[in-house]
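Data file: final.cif. Format and content: mmCIF, C-alpha atoms and all ligand atoms.
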```cif
data_run
#
loop_
_atom_site.label_atom_id
_atom_site.label_comp_id
_atom_site.auth_asym_id
_atom_site.auth_seq_id
_atom_site.Cartn_x
_atom_site.Cartn_y
_atom_site.Cartn_z
CA MET A 239 0.10 -25.10 -5.06
CA SER A 240 -0.93 -22.10 -7.13
CA ILE A 241 -3.84 -19.87 -6.22
CA LEU A 242 -5.42 -20.84 -9.56
CA THR A 243 -5.30 -24.49 -8.61
CA ALA A 244 -7.00 -23.74 -5.32
CA LEU A 245 -9.71 -21.69 -6.96
CA THR A 246 -10.50 -24.34 -9.52
CA GLY A 247 -10.94 -26.76 -6.68
CA ILE A 248 -8.22 -29.20 -7.62
CA PHE A 249 -6.24 -30.05 -4.52
CA ARG A 250 -3.69 -32.53 -5.76
CA ARG A 251 -1.70 -34.88 -3.58
CA GLN A 252 1.43 -32.85 -4.38
CA SER A 253 -0.02 -29.98 -2.37
CA TYR A 254 1.32 -31.54 0.81
CA LEU A 255 4.55 -32.68 -0.79
CA SER A 256 5.86 -29.51 -2.42
CA SER A 257 4.96 -26.57 -4.66
CA ASP A 258 6.71 -23.71 -6.43
CA HIS A 259 5.58 -21.18 -3.89
CA TYR A 260 7.12 -20.74 -0.52
CA GLY A 261 7.30 -18.28 2.34
CA LEU A 262 9.97 -16.98 4.68
CA TYR A 263 9.45 -16.51 8.39
CA ILE A 264 11.70 -14.76 10.92
CA HIS A 265 11.11 -15.35 14.62
CA VAL A 266 12.14 -12.32 16.69
CA PRO A 267 12.21 -13.82 20.18
CA PHE A 268 11.99 -10.70 22.39
CA CYS A 269 9.02 -9.63 24.50
CA ALA A 270 8.97 -6.92 27.17
CA ARG A 271 6.74 -9.08 29.38
CA LYS A 272 5.20 -12.52 29.12
CA CYS A 273 1.46 -12.53 28.45
CA GLY A 274 -0.39 -14.93 30.75
CA TYR A 275 -1.71 -17.19 28.00
CA CYS A 276 1.36 -17.33 25.74
CA ASP A 277 3.27 -20.55 25.09
CA PHE A 278 5.45 -19.24 22.24
CA TYR A 279 9.16 -19.03 22.88
CA SER A 280 10.22 -15.51 23.93
CA THR A 281 12.66 -13.80 26.29
CA ASP A 282 12.97 -10.31 27.78
CA ALA A 283 16.76 -10.28 27.10
CA ILE A 284 16.45 -7.51 24.47
CA ALA A 285 20.14 -6.59 25.03
CA LEU A 286 20.91 -9.74 23.01
CA ALA A 287 19.33 -8.24 19.88
CA PRO A 288 22.64 -7.30 18.14
CA PHE A 289 23.97 -10.85 18.71
CA PHE A 290 20.68 -12.31 17.53
CA LEU A 291 20.99 -10.31 14.28
CA ARG A 292 24.54 -11.53 13.75
CA ALA A 293 23.44 -15.15 14.22
CA LEU A 294 20.50 -14.58 11.88
CA LYS A 295 22.90 -13.40 9.19
CA LYS A 296 24.96 -16.58 9.56
CA GLN A 297 21.83 -18.73 9.34
CA MET A 298 20.56 -16.92 6.24
CA ALA A 299 23.97 -16.94 4.55
CA ALA A 300 24.23 -20.72 5.04
CA GLY A 301 20.87 -21.01 3.27
CA THR A 302 18.64 -23.95 2.49
CA PRO A 303 19.55 -26.00 -0.61
CA GLY A 304 17.34 -25.19 -3.57
CA PHE A 305 15.74 -22.13 -2.04
CA LYS A 306 18.11 -19.23 -2.48
CA ARG A 307 17.08 -18.60 -6.09
CA ARG A 308 13.45 -19.62 -5.71
CA PRO A 309 11.31 -16.46 -5.37
CA ALA A 310 9.54 -16.23 -2.02
CA ASP A 311 5.93 -14.96 -2.13
CA THR A 312 5.86 -13.79 1.44
CA LEU A 313 8.05 -12.64 4.29
CA TYR A 314 6.59 -12.72 7.79
CA ILE A 315 8.43 -11.13 10.72
CA GLY A 316 6.78 -12.57 13.80
CA GLY A 317 7.61 -13.35 17.37
CA GLY A 318 7.89 -12.45 20.07
CA THR A 319 7.51 -8.73 19.54
CA PRO A 320 9.44 -7.58 16.46
CA SER A 321 8.32 -3.99 17.10
CA LEU A 322 10.61 -3.94 20.16
CA LEU A 323 13.61 -3.80 17.81
CA ALA A 324 15.05 -0.42 16.85
CA PRO A 325 14.00 0.94 13.42
CA GLU A 326 17.47 0.39 11.96
CA GLN A 327 17.54 -3.21 13.25
CA ILE A 328 14.33 -4.03 11.37
CA GLU A 329 15.63 -2.34 8.21
CA LYS A 330 18.86 -4.31 8.51
CA MET A 331 16.94 -7.57 8.94
CA VAL A 332 14.79 -7.00 5.84
CA HIS A 333 17.82 -6.04 3.72
CA MET A 334 19.61 -9.14 5.02
CA VAL A 335 16.87 -11.54 3.98
CA ARG A 336 16.60 -9.84 0.56
CA ARG A 337 20.35 -10.20 0.11
CA TYR A 338 20.36 -13.95 0.70
CA TYR A 339 16.92 -14.94 -0.66
CA ALA A 340 15.02 -13.99 -3.81
CA VAL A 341 12.08 -12.29 -2.11
CA ALA A 342 9.62 -11.23 -4.86
CA SER A 343 9.47 -7.44 -5.26
CA ASP A 344 5.73 -7.48 -4.50
CA ALA A 345 5.95 -10.08 -1.71
CA GLU A 346 3.48 -9.69 1.12
CA THR A 347 5.79 -8.53 3.91
CA THR A 348 4.27 -8.51 7.38
CA ILE A 349 5.52 -7.38 10.76
CA GLU A 350 3.84 -8.23 14.05
CA CYS A 351 3.72 -5.49 16.64
CA ASN A 352 2.34 -4.60 20.03
CA PRO A 353 0.48 -1.33 20.62
CA THR A 354 2.95 0.00 23.21
CA SER A 355 6.01 -0.38 20.99
CA VAL A 356 4.71 1.35 17.85
CA THR A 357 6.23 4.79 17.20
CA LEU A 358 6.01 6.96 14.10
CA GLU A 359 9.77 6.65 13.57
CA LYS A 360 9.56 2.84 13.65
CA ALA A 361 6.50 2.65 11.40
CA GLN A 362 8.18 4.93 8.84
CA ALA A 363 11.31 2.75 8.91
CA TRP A 364 9.19 -0.39 8.36
CA LYS A 365 7.60 1.29 5.35
CA ARG A 366 11.02 2.27 3.97
CA ALA A 367 12.22 -1.31 4.38
CA GLY A 368 9.38 -2.55 2.14
CA ILE A 369 7.07 -3.89 4.85
CA ASN A 370 3.52 -3.60 3.49
CA ARG A 371 1.37 -5.29 6.13
CA VAL A 372 1.15 -4.87 9.91
CA SER A 373 -0.41 -7.25 12.40
CA LEU A 374 -1.26 -5.56 15.70
CA GLY A 375 -1.86 -7.58 18.88
CA ALA A 376 -4.88 -5.68 20.21
CA GLN A 377 -6.68 -8.64 21.91
CA SER A 378 -9.37 -6.49 23.56
CA PHE A 379 -10.57 -2.90 23.91
CA ASN A 380 -11.45 -3.53 27.54
CA ASP A 381 -8.75 -2.73 30.09
CA ASP A 382 -10.02 -5.40 32.54
CA ASP A 383 -9.57 -8.06 29.83
CA LEU A 384 -6.10 -6.72 29.02
CA ARG A 385 -5.06 -6.82 32.68
CA PHE A 386 -6.33 -10.39 32.97
CA LEU A 387 -4.22 -11.38 29.95
CA ASN A 388 -1.19 -9.56 31.43
CA ARG A 389 -0.89 -7.43 28.33
CA LEU A 390 1.27 -4.31 28.58
CA HIS A 391 -1.10 -2.01 26.73
CA THR A 392 -4.44 -0.32 27.32
CA ALA A 393 -7.29 0.22 24.89
CA ALA A 394 -6.10 3.81 24.35
CA ASP A 395 -2.73 2.47 23.12
CA ILE A 396 -4.49 0.52 20.34
CA PHE A 397 -6.12 3.67 18.94
CA ARG A 398 -2.82 5.54 19.18
CA ALA A 399 -0.93 2.74 17.37
CA ILE A 400 -3.50 2.61 14.54
CA GLU A 401 -3.21 6.38 14.11
CA LEU A 402 0.59 6.19 13.88
CA LEU A 403 0.46 3.31 11.41
CA ALA A 404 -1.99 5.24 9.22
CA LYS A 405 0.25 8.31 9.41
CA ALA A 406 3.19 6.21 8.19
CA GLY A 407 1.06 5.05 5.23
CA PHE A 408 -0.07 1.57 6.32
CA SER A 409 -3.56 0.52 5.30
CA ASN A 410 -3.12 -3.27 5.16
CA ILE A 411 -3.50 -3.88 8.89
CA ASN A 412 -4.63 -6.88 10.91
CA LEU A 413 -5.93 -6.67 14.47
CA ASP A 414 -5.70 -9.73 16.71
CA LEU A 415 -8.69 -10.02 19.02
CA MET A 416 -9.40 -12.57 21.71
CA PHE A 417 -12.63 -13.83 23.22
CA GLY A 418 -13.57 -16.12 26.09
CA MET A 419 -11.80 -14.32 28.94
CA PRO A 420 -13.41 -14.98 32.34
CA GLY A 421 -15.81 -12.16 33.13
CA GLN A 422 -16.18 -11.18 29.49
CA THR A 423 -19.88 -10.85 28.78
CA MET A 424 -21.45 -11.11 25.35
CA ALA A 425 -22.17 -7.36 25.46
CA ARG A 426 -18.49 -6.66 26.15
CA PHE A 427 -17.38 -8.91 23.32
CA LYS A 428 -19.81 -7.26 20.88
CA GLN A 429 -18.47 -3.88 21.98
CA ASN A 430 -14.95 -5.14 21.12
CA LEU A 431 -16.07 -6.16 17.65
CA THR A 432 -17.85 -2.83 17.13
CA LEU A 433 -14.74 -0.88 18.12
CA ALA A 434 -12.54 -3.05 15.90
CA LEU A 435 -14.93 -2.44 12.97
CA SER A 436 -14.84 1.31 13.64
CA LEU A 437 -11.10 1.28 12.90
CA LYS A 438 -11.85 0.04 9.37
CA VAL A 439 -8.88 -2.33 9.19
CA PRO A 440 -9.21 -4.89 6.36
CA HIS A 441 -8.24 -7.98 8.39
CA LEU A 442 -9.27 -9.31 11.80
CA SER A 443 -8.00 -12.43 13.57
CA VAL A 444 -10.42 -13.50 16.27
CA TYR A 445 -9.11 -16.22 18.60
CA GLY A 446 -10.79 -18.00 21.46
CA LEU A 447 -8.69 -17.96 24.64
CA THR A 448 -7.16 -21.36 25.37
CA VAL A 449 -5.28 -22.13 28.56
CA GLU A 450 -2.09 -23.91 27.50
CA GLN A 451 -0.05 -26.21 29.74
CA GLY A 452 2.95 -24.51 31.36
CA THR A 453 1.62 -20.96 31.00
CA PRO A 454 1.09 -18.53 33.93
CA LEU A 455 -2.63 -18.69 33.17
CA GLN A 456 -2.62 -22.46 33.69
CA GLU A 457 -1.00 -21.93 37.11
CA ARG A 458 -3.67 -19.40 38.06
CA LEU A 459 -6.40 -21.76 36.89
CA ASP A 460 -4.92 -24.59 38.98
CA LYS A 461 -4.89 -22.31 42.03
CA GLY A 462 -8.57 -21.61 41.48
CA GLU A 463 -8.04 -17.90 40.78
CA PHE A 464 -10.56 -18.00 37.93
CA THR A 465 -12.83 -20.40 36.10
CA ARG A 466 -13.17 -20.86 32.36
CA ILE A 467 -16.24 -19.48 30.64
CA HIS A 468 -18.91 -22.01 29.74
CA ASP A 469 -18.68 -23.85 26.42
CA GLU A 470 -22.08 -22.47 25.41
CA MET A 471 -20.85 -18.87 25.85
CA PHE A 472 -17.60 -19.66 23.98
CA GLU A 473 -19.59 -21.08 21.05
CA ALA A 474 -22.05 -18.16 21.11
CA MET A 475 -19.14 -15.69 20.90
CA PHE A 476 -17.57 -17.57 17.98
CA LEU A 477 -20.89 -17.54 16.09
CA THR A 478 -21.49 -13.86 16.99
CA ALA A 479 -18.13 -12.89 15.49
CA HIS A 480 -19.01 -14.87 12.35
CA MET A 481 -22.37 -13.12 12.04
CA MET A 482 -21.28 -9.55 12.86
CA LEU A 483 -18.16 -9.59 10.68
CA SER A 484 -19.83 -11.39 7.75
CA GLU A 485 -22.60 -8.76 7.80
CA LYS A 486 -19.95 -6.06 7.46
CA GLY A 487 -18.38 -7.68 4.39
CA TYR A 488 -15.52 -9.62 5.99
CA GLY A 489 -15.04 -13.13 4.58
CA HIS A 490 -14.60 -15.83 7.24
CA TYR A 491 -11.77 -17.46 5.30
CA GLU A 492 -10.25 -19.49 8.14
CA ILE A 493 -11.57 -20.53 11.55
CA SER A 494 -9.99 -17.53 13.30
CA ASN A 495 -9.50 -15.15 10.38
CA TYR A 496 -11.68 -12.62 8.59
CA ALA A 497 -10.75 -10.33 5.71
CA ARG A 498 -12.23 -7.90 3.26
CA PRO A 499 -11.92 -9.40 -0.27
CA GLY A 500 -8.31 -9.28 -1.44
CA PHE A 501 -6.86 -8.75 2.06
CA GLU A 502 -6.57 -12.41 3.12
CA SER A 503 -3.09 -13.09 4.55
CA VAL A 504 -1.12 -14.75 1.74
CA HIS A 505 1.47 -16.04 4.21
CA ASN A 506 -1.10 -17.83 6.34
CA LEU A 507 -3.10 -19.07 3.35
CA ASN A 508 0.05 -20.65 1.96
CA CYS A 509 0.72 -22.41 5.27
CA TRP A 510 -2.82 -23.81 5.38
CA ARG A 511 -2.48 -24.92 1.76
CA GLY A 512 0.58 -26.97 2.65
CA THR A 513 3.09 -24.73 0.90
CA ASP A 514 6.77 -24.86 1.89
CA TYR A 515 8.19 -22.32 4.32
CA ILE A 516 11.63 -21.65 5.74
CA GLY A 517 11.93 -20.28 9.27
CA PHE A 518 14.84 -18.30 10.73
CA GLY A 519 15.64 -17.54 14.35
CA PRO A 520 15.28 -19.52 17.58
CA ALA A 521 12.47 -22.07 17.67
CA ALA A 522 11.38 -21.14 14.12
CA HIS A 523 9.94 -24.10 12.25
CA SER A 524 10.46 -24.97 8.60
CA ARG A 525 8.54 -27.27 6.27
CA VAL A 526 9.66 -28.49 2.87
CA GLY A 527 7.53 -31.23 1.38
CA LEU A 528 7.40 -33.90 4.07
CA GLN A 529 10.51 -32.62 5.88
CA ARG A 530 10.04 -30.67 9.16
CA TRP A 531 12.77 -29.00 11.21
CA ALA A 532 13.42 -26.19 13.67
CA GLY A 533 16.42 -24.14 14.68
CA PRO A 534 17.96 -24.02 18.19
CA ASP A 535 15.21 -23.52 20.74
CA THR A 536 16.59 -20.62 22.83
CA VAL A 537 18.11 -17.32 21.81
CA GLU A 538 21.34 -18.19 23.66
CA SER A 539 21.78 -21.49 21.80
CA PHE A 540 20.82 -19.76 18.55
CA ILE A 541 23.51 -17.12 19.08
CA ALA A 542 26.07 -19.80 19.98
CA ASN A 543 25.35 -21.93 16.93
CA PRO A 544 22.63 -20.81 14.55
CA LEU A 545 23.17 -23.71 12.16
CA THR A 546 22.12 -26.51 14.49
CA ARG A 547 18.59 -27.95 14.55
CA SER A 548 16.53 -28.81 17.62
CA PHE A 549 14.71 -31.41 15.52
CA ASP A 550 14.73 -32.59 11.95
CA HIS A 551 12.50 -35.37 10.66
CA GLN A 552 10.41 -36.52 7.76
CA VAL A 553 6.72 -37.20 8.29
CA SER A 554 5.19 -40.20 6.56
CA ASP A 555 2.92 -39.86 3.55
CA GLU A 556 -0.06 -40.69 5.78
CA GLU A 557 0.96 -38.08 8.39
CA GLY A 558 1.30 -35.54 5.57
CA ARG A 559 -2.19 -36.42 4.35
CA LEU A 560 -3.73 -36.01 7.82
CA GLU A 561 -1.89 -32.74 8.36
CA GLN A 562 -3.30 -31.43 5.10
CA ILE A 563 -6.84 -32.48 6.04
CA MET A 564 -6.48 -30.67 9.37
CA LEU A 565 -5.10 -27.50 7.78
CA GLY A 566 -7.49 -27.54 4.82
CA LEU A 567 -10.58 -27.97 6.99
CA ARG A 568 -9.67 -24.80 8.86
CA THR A 569 -10.18 -22.79 5.68
CA GLN A 570 -13.02 -21.76 3.41
CA GLU A 571 -11.19 -23.47 0.55
CA GLY A 572 -11.71 -26.75 2.38
CA ILE A 573 -10.36 -30.04 1.08
CA SER A 574 -10.85 -32.24 -1.93
CA GLN A 575 -13.31 -35.01 -1.19
CA SER A 576 -11.89 -37.48 -3.67
CA ASP A 577 -8.24 -37.12 -2.62
CA LEU A 578 -8.48 -36.78 1.11
CA ILE A 579 -11.65 -38.25 2.59
CA SER A 580 -14.01 -41.04 1.67
CA ALA A 581 -17.51 -40.52 0.24
CA GLU A 582 -18.92 -42.33 3.29
CA LYS A 583 -17.38 -39.94 5.79
CA THR A 584 -18.24 -36.95 3.62
CA SER A 585 -21.87 -37.90 3.67
CA VAL A 586 -21.87 -38.10 7.52
CA LEU A 587 -20.41 -34.57 7.71
CA LEU A 588 -22.94 -33.22 5.23
CA ARG A 589 -25.90 -34.94 6.88
CA ARG A 590 -24.97 -33.62 10.32
CA GLY A 591 -24.63 -30.03 9.04
CA PHE A 592 -20.89 -29.89 9.82
CA ALA A 593 -19.85 -29.38 6.20
CA GLN A 594 -20.99 -28.20 2.80
CA GLN A 595 -19.89 -29.55 -0.56
CA ASN A 596 -19.25 -27.58 -3.72
CA LEU A 597 -17.49 -28.88 -6.84
CA LYS A 598 -16.10 -31.87 -4.94
CA ARG A 599 -14.60 -29.66 -2.24
CA ILE A 600 -15.68 -30.09 1.36
CA ARG A 601 -15.67 -27.06 3.64
CA LEU A 602 -16.85 -26.83 7.21
CA THR A 603 -19.83 -24.73 8.26
CA PRO A 604 -19.32 -22.38 11.28
CA HIS A 605 -20.94 -25.11 13.40
CA GLY A 606 -18.48 -27.65 11.98
CA MET A 607 -15.53 -25.33 12.70
CA LEU A 608 -16.53 -25.35 16.36
CA CYS A 609 -16.28 -29.16 16.31
CA LEU A 610 -13.03 -29.36 14.31
CA ASP A 611 -11.15 -31.49 16.87
CA SER A 612 -13.89 -34.15 16.97
CA ILE A 613 -14.17 -34.09 13.18
CA ILE A 614 -10.42 -34.69 12.79
CA LEU A 615 -10.62 -37.67 15.15
CA PHE A 616 -13.54 -38.99 13.14
CA LEU A 617 -11.62 -38.61 9.87
CA GLU A 618 -8.47 -40.20 11.27
CA ASP A 619 -10.45 -43.25 12.31
CA LYS A 620 -10.16 -45.92 9.63
CA ARG A 621 -13.65 -47.14 10.49
CA CYS A 622 -16.65 -44.89 9.83
CA SER A 623 -17.54 -44.65 13.51
CA THR A 624 -20.05 -42.29 15.05
CA LEU A 625 -19.12 -38.62 15.12
CA ASN A 626 -19.57 -37.49 18.71
CA ALA A 627 -19.71 -33.74 18.26
S1 LIG B 1 3.57 -10.33 23.11
FE1 LIG B 1 2.93 -12.10 21.90
S2 LIG B 1 4.73 -13.48 21.85
FE2 LIG B 1 5.08 -11.95 23.48
S3 LIG B 1 4.38 -12.94 25.34
FE3 LIG B 1 2.65 -11.74 24.55
S4 LIG B 1 1.50 -13.15 23.23
FE4 LIG B 1 3.52 -14.07 23.62
#
```

Mind converting the file's structure to structure tokens?
Ligand code: SF4
Amino acid sequence: MSILTALTGIFRRQSYLSSDHYGLYIHVPFCARKCGYCDFYSTDAIALAPFFLRALKKQMAAGTPGFKRRPADTLYIGGGTPSLLAPEQIEKMVHMVRRYYAVASDAETTIECNPTSVTLEKAQAWKRAGINRVSLGAQSFNDDDLRFLNRLHTAADIFRAIELLAKAGFSNINLDLMFGMPGQTMARFKQNLTLALSLKVPHLSVYGLTVEQGTPLQERLDKGEFTRIHDEMFEAMFLTAHMMLSEKGYGHYEISNYARPGFESVHNLNCWRGTDYIGFGPAAHSRVGLQRWAGPDTVESFIANPLTRSFDHQVSDEEGRLEQIMLGLRTQEGISQSDLISAEKTSVLLRRGFAQQNLKRIRLTPHGMLCLDSIILFLEDKRCSTLNA
């Protein structure tokens, strides 16, 4: 779907079937240490990096039918911790993808990094390779929060990383922040937001901490080592972020994302709009129309045979529709009332203050965003049952 189509408010059915635009994603699976809350695939076997790059080359060279000549709008190097790779390995990776795919010359090209692994030499190499956006996993400016999350860095490392990135010429920077850690008071969270604002980065991702099954944090919770913060505090922090960042000119363009005008992440916007994307590397997912697949799910199996898939299936038209409702409702663009939800259900959302309507598009209010899960269940229900949110 084109940006123009989105702006004119016409969200056609094809938006979850296919569009001309698409993005490329590379999953770099290495992390120096596992963060307590993380359920993404990663490994500390960094010595495998040269073999990983070789397998990546095979996977890219094999290609995806119909995509090699189609210009990609975005390239996102995520993980894992891509910044753990040596400068020349990142340069090699970007040249590799440009060799096998038609990445547009002005494509938004993002790298994720952690504060401890940013050096001036690396940042300069990223710039040389054509990377024009950096996403930094800051999470918190409070060292107690960072220890609780089992992050490797301190608050001082965040300031140092930002300085090095600026020195290398990066201005399009995102900071990831987290809220809802046990012991985090509202004052401490506001202090985090104030410090993040003082760095004048144009994009902030603000996530609520969730304890995922199978993570070290879940184990600690089960042992009674901490308790979750109350729902009321969680909601108050979400609304505080909305208020403080909106006041400073950041648009709340997706549940967890804020940007100064023009700095919204194109890669993420495309994903929420239902655009196709091709993923490379272990456990990287791909979506083309209604087709969904992922590569081998460990780095070892990826190195052994990068062309196999850990799953490959087609979702039904109805599943595609529900997926698009879920993704669209996360964003300020919202969803088309006529195509995706009935007038009856729309009126319940509007009456309850969960949504607003403009030019036949439905978008959630901040209060509605807090109740997204219940709203999705309500919309999935064929009957117009009560919305318990
Ligand atoms: S650095 Fe990121 S990917 Fe790696 S363990 Fe921490 S949260 Fe997960």

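The residue that comes closest to ligand LIG 1 (chain B), out of A:Ser612, A:Thr536, A:Ser321, A:Thr569 and on the basis of only C-alpha atoms and all ligand atoms, is A:Ser321.
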
Next on the checklist: Using all atoms listed in the file and a cutoff of 12 Å, can you tell me which residues are near (-14.9, -35.7, 9.4) in the file's coordinates, and write them out as a PyMOL selection string?
Outcome noted: chain A and resi 560+563-564+566-567+572-573+575+578-594+600-602+606-607+609-627

Dump C-alpha atoms for the selected residues as a short mmCIF file (atom, residue, chain, number, x, y, z; two decimals), keeping the file's coordinate frame?
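Okay, this is what ended up in again-v6.cif:
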```
data_model
loop_
_atom_site.label_atom_id
_atom_site.label_comp_id
_atom_site.auth_asym_id
_atom_site.auth_seq_id
_atom_site.Cartn_x
_atom_site.Cartn_y
_atom_site.Cartn_z
CA LEU A 560 -3.73 -36.01 7.82
CA ILE A 563 -6.84 -32.48 6.04
CA MET A 564 -6.48 -30.67 9.37
CA GLY A 566 -7.49 -27.54 4.82
CA LEU A 567 -10.58 -27.97 6.99
CA GLY A 572 -11.71 -26.75 2.38
CA ILE A 573 -10.36 -30.04 1.08
CA GLN A 575 -13.31 -35.01 -1.19
CA LEU A 578 -8.48 -36.78 1.11
CA ILE A 579 -11.65 -38.25 2.59
CA SER A 580 -14.01 -41.04 1.67
CA ALA A 581 -17.51 -40.52 0.24
CA GLU A 582 -18.92 -42.33 3.29
CA LYS A 583 -17.38 -39.94 5.79
CA THR A 584 -18.24 -36.95 3.62
CA SER A 585 -21.87 -37.90 3.67
CA VAL A 586 -21.87 -38.10 7.52
CA LEU A 587 -20.41 -34.57 7.71
CA LEU A 588 -22.94 -33.22 5.23
CA ARG A 589 -25.90 -34.94 6.88
CA ARG A 590 -24.97 -33.62 10.32
CA GLY A 591 -24.63 -30.03 9.04
CA PHE A 592 -20.89 -29.89 9.82
CA ALA A 593 -19.85 -29.38 6.20
CA GLN A 594 -20.99 -28.20 2.80
CA ILE A 600 -15.68 -30.09 1.36
CA ARG A 601 -15.67 -27.06 3.64
CA LEU A 602 -16.85 -26.83 7.21
CA GLY A 606 -18.48 -27.65 11.98
CA MET A 607 -15.53 -25.33 12.70
CA CYS A 609 -16.28 -29.16 16.31
CA LEU A 610 -13.03 -29.36 14.31
CA ASP A 611 -11.15 -31.49 16.87
CA SER A 612 -13.89 -34.15 16.97
CA ILE A 613 -14.17 -34.09 13.18
CA ILE A 614 -10.42 -34.69 12.79
CA LEU A 615 -10.62 -37.67 15.15
CA PHE A 616 -13.54 -38.99 13.14
CA LEU A 617 -11.62 -38.61 9.87
CA GLU A 618 -8.47 -40.20 11.27
CA ASP A 619 -10.45 -43.25 12.31
CA LYS A 620 -10.16 -45.92 9.63
CA ARG A 621 -13.65 -47.14 10.49
CA CYS A 622 -16.65 -44.89 9.83
CA SER A 623 -17.54 -44.65 13.51
CA THR A 624 -20.05 -42.29 15.05
CA LEU A 625 -19.12 -38.62 15.12
CA ASN A 626 -19.57 -37.49 18.71
CA ALA A 627 -19.71 -33.74 18.26
#
```

Checklist entry - With all atoms listed in the file as the atoms that count, which of A:Gly316, A:Gly407, A:Pro499, A:Gly462 lies nearest to Pro520 of chain A? => result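 Among A:Gly316, A:Gly407, A:Pro499, A:Gly462, it is A:Gly316 that comes nearest to Pro520 of chain A.
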
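From atom CA of Asn495 of chain A back to atom CA of His391 of chain A, the distance works out to 22.6 Å.
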
Checklist entry - Which residue, A:Thr423, A:Thr319, A:Asn370, A:Ser409, has the smallest gap to Cys269 of chain A when you use only C-alpha atoms? => result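 So, comparing all the options, the nearest one is A:Thr319.
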
Next on the checklist: Rounded to one decimal, what separation in Å do you get between atom CA of Tyr279 of chain A and atom S1 of ligand LIG 1 (chain B)?
Outcome noted: 10.3 Å

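Atom pair atom CA of Ile516 of chain A / atom CA of Leu374 of chain A: separated by 22.9 Å.
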
Item to check | For Ala270 of chain A: contacts at 8 Å, only C-alpha atoms, fewer than 4 positions along chain excluded, given as a list in words | outcome: Thr281, Asp282, Ile284, Thr319 and Leu322 of chain A

Checklist entry - In terms of the shortest atom-to-atom distance over only C-alpha atoms, which of A:Gly558, A:Pro309, A:Gly375, A:Gly519 is closest to Ile541 of chain A? => result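 Smallest separation from Ile541 of chain A among the options: A:Gly519.
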